[in-house]
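What follows is entry00.tsv (TSV, C-alpha atoms).
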chain	number	residue	atom	x	y	z
A	246	MET	CA	-18.75	-26.55	1.58
A	247	TRP	CA	-15.39	-25.11	0.57
A	248	PHE	CA	-14.56	-22.79	-2.36
A	249	ARG	CA	-11.66	-20.69	-3.68
A	250	THR	CA	-11.40	-17.52	-5.77
A	251	THR	CA	-8.29	-16.08	-7.39
A	252	SER	CA	-8.96	-12.32	-7.73
A	253	PRO	CA	-11.36	-9.60	-6.58
A	254	SER	CA	-13.33	-9.90	-9.84
A	255	ASP	CA	-13.47	-13.69	-9.39
A	256	THR	CA	-14.71	-13.14	-5.83
A	257	GLN	CA	-17.48	-10.86	-7.12
A	258	ALA	CA	-18.43	-13.47	-9.74
A	259	PHE	CA	-18.53	-16.09	-6.96
A	260	ALA	CA	-20.78	-13.79	-4.91
A	261	ALA	CA	-23.05	-13.23	-7.91
A	262	ALA	CA	-23.41	-17.00	-8.33
A	263	LEU	CA	-24.17	-17.29	-4.62
A	264	ALA	CA	-26.88	-14.65	-5.04
A	265	ARG	CA	-28.76	-17.00	-7.38
A	266	VAL	CA	-30.05	-18.95	-4.35
A	267	ILE	CA	-30.83	-15.91	-2.20
A	268	ARG	CA	-34.46	-14.95	-1.80
A	269	SER	CA	-36.50	-12.43	0.13
A	270	GLY	CA	-36.31	-13.02	3.87
A	271	ASP	CA	-32.74	-14.36	3.81
A	272	THR	CA	-29.85	-13.39	6.03
A	273	ILE	CA	-26.25	-13.89	4.96
A	274	VAL	CA	-23.59	-13.67	7.68
A	275	LEU	CA	-20.12	-12.74	6.39
A	276	THR	CA	-17.21	-13.57	8.68
A	277	GLY	CA	-13.45	-13.33	8.39
A	278	GLU	CA	-10.50	-11.21	9.42
A	279	MET	CA	-9.99	-7.57	8.45
A	280	GLY	CA	-9.29	-7.38	4.71
A	281	ALA	CA	-10.61	-10.87	3.96
A	282	GLY	CA	-13.12	-9.60	1.41
A	283	LYS	CA	-16.45	-9.35	3.24
A	284	THR	CA	-17.33	-6.07	1.54
A	285	VAL	CA	-16.32	-7.41	-1.89
A	286	VAL	CA	-18.68	-10.37	-1.36
A	287	ALA	CA	-21.48	-8.07	-0.17
A	288	GLN	CA	-20.97	-5.88	-3.24
A	289	GLY	CA	-21.08	-8.89	-5.57
A	290	ILE	CA	-24.27	-10.20	-3.98
A	291	GLY	CA	-25.83	-6.73	-4.00
A	292	ALA	CA	-25.01	-6.14	-7.67
A	293	ALA	CA	-26.47	-9.53	-8.62
A	294	LEU	CA	-29.66	-8.72	-6.68
A	295	GLY	CA	-29.99	-5.40	-8.50
A	296	VAL	CA	-28.28	-2.80	-6.33
A	297	SER	CA	-27.22	-0.14	-8.82
A	298	GLU	CA	-25.54	2.37	-6.53
A	299	PRO	CA	-22.10	1.89	-4.97
A	300	MET	CA	-22.17	-0.32	-1.86
A	301	THR	CA	-19.73	0.71	0.82
A	302	SER	CA	-19.20	-0.91	4.19
A	303	PRO	CA	-21.51	0.79	6.72
A	304	THR	CA	-18.96	0.70	9.54
A	305	PHE	CA	-20.14	3.96	11.13
A	306	THR	CA	-23.82	3.97	10.10
A	307	LEU	CA	-24.18	0.23	10.96
A	308	VAL	CA	-26.81	-0.45	8.25
A	309	ASN	CA	-27.20	0.85	4.69
A	310	THR	CA	-30.40	0.08	2.80
A	311	TYR	CA	-30.69	-0.27	-0.97
A	312	GLU	CA	-33.96	-0.53	-2.87
A	313	CYS	CA	-33.73	-2.73	-5.95
A	314	ARG	CA	-35.95	-4.77	-8.22
A	315	ASN	CA	-38.47	-6.57	-6.04
A	316	LEU	CA	-36.63	-6.48	-2.74
A	317	THR	CA	-34.60	-4.39	-0.34
A	318	VAL	CA	-30.98	-5.15	0.48
A	319	HIS	CA	-29.87	-4.24	4.00
A	320	HIS	CA	-26.08	-4.20	4.37
A	321	ALA	CA	-24.92	-4.21	8.00
A	322	ASP	CA	-21.45	-3.96	9.52
A	323	LEU	CA	-21.17	-5.00	13.17
A	324	TYR	CA	-17.44	-4.37	13.57
A	325	ARG	CA	-17.94	-1.51	16.04
A	326	LEU	CA	-20.54	-3.22	18.22
A	327	ASP	CA	-19.23	-4.43	21.56
A	328	ARG	CA	-22.21	-6.07	23.18
A	329	THR	CA	-24.89	-8.55	22.19
A	330	VAL	CA	-27.57	-6.13	23.38
A	331	GLU	CA	-26.38	-3.62	20.77
A	332	VAL	CA	-26.85	-6.26	18.07
A	333	SER	CA	-30.28	-7.12	19.43
A	334	ASP	CA	-31.29	-3.43	19.30
A	335	LEU	CA	-30.66	-3.42	15.54
A	336	ALA	CA	-33.41	-6.05	15.02
A	337	LEU	CA	-31.56	-7.46	12.02
A	338	SER	CA	-33.79	-10.51	11.73
A	339	GLU	CA	-36.82	-8.24	11.30
A	340	LEU	CA	-35.23	-6.34	8.40
A	341	ALA	CA	-35.38	-9.37	6.13
A	342	GLU	CA	-39.03	-10.12	6.86
A	343	PHE	CA	-40.46	-7.45	4.57
A	344	ASP	CA	-39.21	-8.18	1.04
A	345	GLY	CA	-35.64	-7.89	2.23
A	346	VAL	CA	-32.27	-9.56	2.29
A	347	VAL	CA	-29.78	-8.82	5.06
A	348	LEU	CA	-26.01	-9.02	4.47
A	349	ILE	CA	-24.07	-8.80	7.75
A	350	GLU	CA	-20.33	-8.12	7.83
A	351	TRP	CA	-18.60	-9.14	11.06
A	352	GLY	CA	-21.73	-11.21	11.62
A	353	GLU	CA	-20.33	-13.41	14.37
A	354	ALA	CA	-21.95	-11.11	16.93
A	355	ALA	CA	-25.40	-11.61	15.38
A	356	ILE	CA	-25.45	-15.40	15.11
A	357	GLY	CA	-27.30	-15.83	18.41
A	358	GLU	CA	-29.99	-13.41	17.25
A	359	ILE	CA	-30.80	-15.10	13.93
A	360	ALA	CA	-32.62	-18.42	13.54
A	361	GLU	CA	-31.77	-19.16	9.90
A	362	TYR	CA	-28.85	-17.86	7.91
A	363	LEU	CA	-26.11	-18.66	5.46
A	364	GLU	CA	-22.65	-18.21	6.96
A	365	VAL	CA	-19.89	-17.34	4.52
A	366	HIS	CA	-16.47	-17.43	6.17
A	367	ILE	CA	-13.65	-15.87	4.16
A	368	GLU	CA	-9.91	-16.32	4.60
A	369	VAL	CA	-6.95	-14.93	2.69
A	370	ASP	CA	-4.64	-17.63	1.35
A	371	LEU	CA	-1.46	-16.80	3.24
A	372	ASP	CA	0.69	-18.71	0.74
A	373	ASP	CA	-0.47	-16.44	-2.11
A	374	GLU	CA	2.25	-13.85	-2.82
A	375	ASP	CA	-0.03	-11.10	-4.15
A	376	GLY	CA	-2.84	-11.71	-1.62
A	377	SER	CA	-5.68	-12.10	-4.11
A	378	ILE	CA	-6.69	-15.72	-3.41
A	379	ARG	CA	-9.63	-16.17	-1.05
A	380	GLU	CA	-10.89	-19.38	0.53
A	381	PHE	CA	-14.53	-19.69	1.51
A	382	SER	CA	-16.30	-22.09	3.82
A	383	ILE	CA	-20.07	-21.96	3.68
A	384	ASP	CA	-22.44	-23.31	6.28
A	385	THR	CA	-26.22	-23.43	6.09
A	386	VAL	CA	-28.14	-22.90	9.33
A	387	GLY	CA	-31.84	-23.69	9.43
A	388	SER	CA	-34.17	-25.77	7.30
A	389	SER	CA	-34.71	-23.12	4.63
A	390	TRP	CA	-30.97	-22.96	3.90
A	391	ASP	CA	-30.47	-26.70	4.37
A	392	ARG	CA	-32.97	-27.32	1.54
A	393	ARG	CA	-30.85	-25.12	-0.76
A	394	ARG	CA	-27.47	-26.78	-0.09
A	395	GLU	CA	-27.57	-28.76	-3.33
A	396	ALA	CA	-28.43	-25.65	-5.39
A	397	LEU	CA	-25.63	-23.74	-3.66
A	398	SER	CA	-23.17	-26.50	-4.45
A	399	THR	CA	-24.29	-26.55	-8.09
A	400	PHE	CA	-24.12	-22.79	-8.63
A	401	LEU	CA	-20.71	-22.54	-6.94
A	402	GLU	CA	-19.18	-25.65	-8.50
A	403	ALA	CA	-16.77	-23.63	-10.65
A	404	TRP	CA	-15.01	-22.46	-7.48
A	405	SER	CA	-14.78	-25.83	-5.68
Show the structure stored in the file as structure tokens.
Amino acid sequence: MWFRTTSPSDTQAFAAALARVIRSGDTIVLTGEMGAGKTVVAQGIGAALGVSEPMTSPTFTLVNTYECRNLTVHHADLYRLDRTVEVSDLALSELAEFDGVVLIEWGEAAIGEIAEYLEVHIEVDLDDEDGSIREFSIDTVGSSWDRRREALSTFLEAWS
């Protein structure tokens, strides 16, 4: 699936629409180059799920946890991790098991550790003069996410 946003606020609206299919136990892997908008997407998802405090990228703490509504949002940033064993030590897949959702920035390193996830790859449109256009490719991995592909497509149709 491929989508496009035209501004940071549009990207957050896109992320909020994406959050409509997220449920407890889910993991969302955010990939893309530095400055692509991974944190903006995480913030949009978090806000839609009920996070009321500011969400910042946990580059140095690795994982920030936010209690909201009926679930917990765990926001991870794996940028500084060098080895797969370091990712494994975080036990990210276990965080989602207890009324939680895990959002992982720089999630490429965690893909081998997670059985089911939604991968959201973000790229900056290099032809855009002001740098506000983002292009998204979304891939579902695992049967739980595969069953929600149609709902994802429907909720995100405005950005296709």
* To do: Find the residues around region 351-358 of chain A up to 6 Å (all atoms listed in the file counted), leave out those fewer than 6 positions away in its own chain, and share them as a ChimeraX atom specification.
  => /A:274-276,323-324
Within 12 Å of region 382-400 of chain A: each region 253-315 of chain A residue with its shortest pair, only C-alpha atoms, as a tab-separated table:
residue	atom	partner	partner_atom	distance
A:Ala258	CA	A:Phe400	CA	11.0
A:Phe259	CA	A:Phe400	CA	8.9
A:Ala260	CA	A:Phe400	CA	10.3
A:Ala261	CA	A:Phe400	CA	9.6
A:Ala262	CA	A:Phe400	CA	5.8
A:Leu263	CA	A:Leu397	CA	6.7
A:Ala264	CA	A:Leu397	CA	9.3
A:Arg265	CA	A:Phe400	CA	7.5
A:Val266	CA	A:Leu397	CA	6.6
A:Ile267	CA	A:Arg393	CA	9.3
A:Arg268	CA	A:Ser389	CA	10.4
A:Ser269	CA	A:Ser389	CA	11.7
A:Gly270	CA	A:Ser389	CA	10.3
A:Asp271	CA	A:Trp390	CA	8.8
A:Thr272	CA	A:Trp390	CA	9.9
A:Ile273	CA	A:Thr385	CA	9.6
A:Val274	CA	A:Asp384	CA	9.8
A:Leu275	CA	A:Ile383	CA	9.6
A:Thr276	CA	A:Ser382	CA	9.9
A:Gly277	CA	A:Ser382	CA	10.3
* Which residue of A:Ser302, A:Ser405, A:Ser297, A:Thr310 approaches Val347 (chain A) most closely, using all atoms listed in the file ->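 With all atoms listed in the file as the atom set, the closest residue is A:Thr310.
Using all atoms listed in the file, the protein and nucleic acid residues lying no more than 10 Å from Ile378 (chain A), apart from those fewer than 3 places from it along its own chain, are Arg249, Thr250, Thr251, Ser252, Pro253, Asp255, Thr256, Ala281, Glu368, Val369, Asp370, Leu371, Asp372, Asp373, Glu374 and Asp375 of chain A.
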* Distance of CA of Ala321 (chain A) from CA of Val346 (chain A), expressed in Å to one decimal place ->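 So the answer is 10.7 Å.
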* Counting all atoms listed in the file, which of A:Val318, A:Leu348, A:Leu401, A:Ile359 gets nearest to Lys283 (chain A)? ->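 Using all atoms listed in the file, the shortest distance to Lys283 (chain A) belongs to A:Leu348.
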* Asked: Nearest to Tyr311 (chain A) among A:Gly289, A:Gly345, A:Leu363, A:Glu380, with distances taken over all atoms listed in the file: which residue is it?
  ->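 Closest to Tyr311 (chain A), using all atoms listed in the file: A:Gly345.
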* To do: Might you pull out every residue within 8 Å of Pro303 (chain A), with all atoms listed in the file counted and same-chain residues fewer than 6 positions away left off, and present them as a list of chain:residue names?
  =>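 Final neighbour list, sorted by chain and number: A:Asn309, A:His320, A:Ala321, A:Asp322.
A straight line drawn from CA of Glu402 (chain A) to CA of Ile349 (chain A) is 23.9 Å long.
Coordinates place CA of His319 (chain A) at a distance of 11.6 Å from CA of Leu294 (chain A).
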* For Glu350 (chain A), the nearest of the candidates A:Trp404, A:Gly282, A:Gly376, A:Gln257, counting all atoms listed in the file ->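 Of A:Trp404, A:Gly282, A:Gly376, A:Gln257, the one nearest Glu350 (chain A), counting all atoms listed in the file, is A:Gly282.
Distances here use all atoms listed in the file; by that measure, the residue among A:Ala403, A:Trp247, A:Phe381, A:Ile367 closest to Glu278 (chain A) is A:Ile367.
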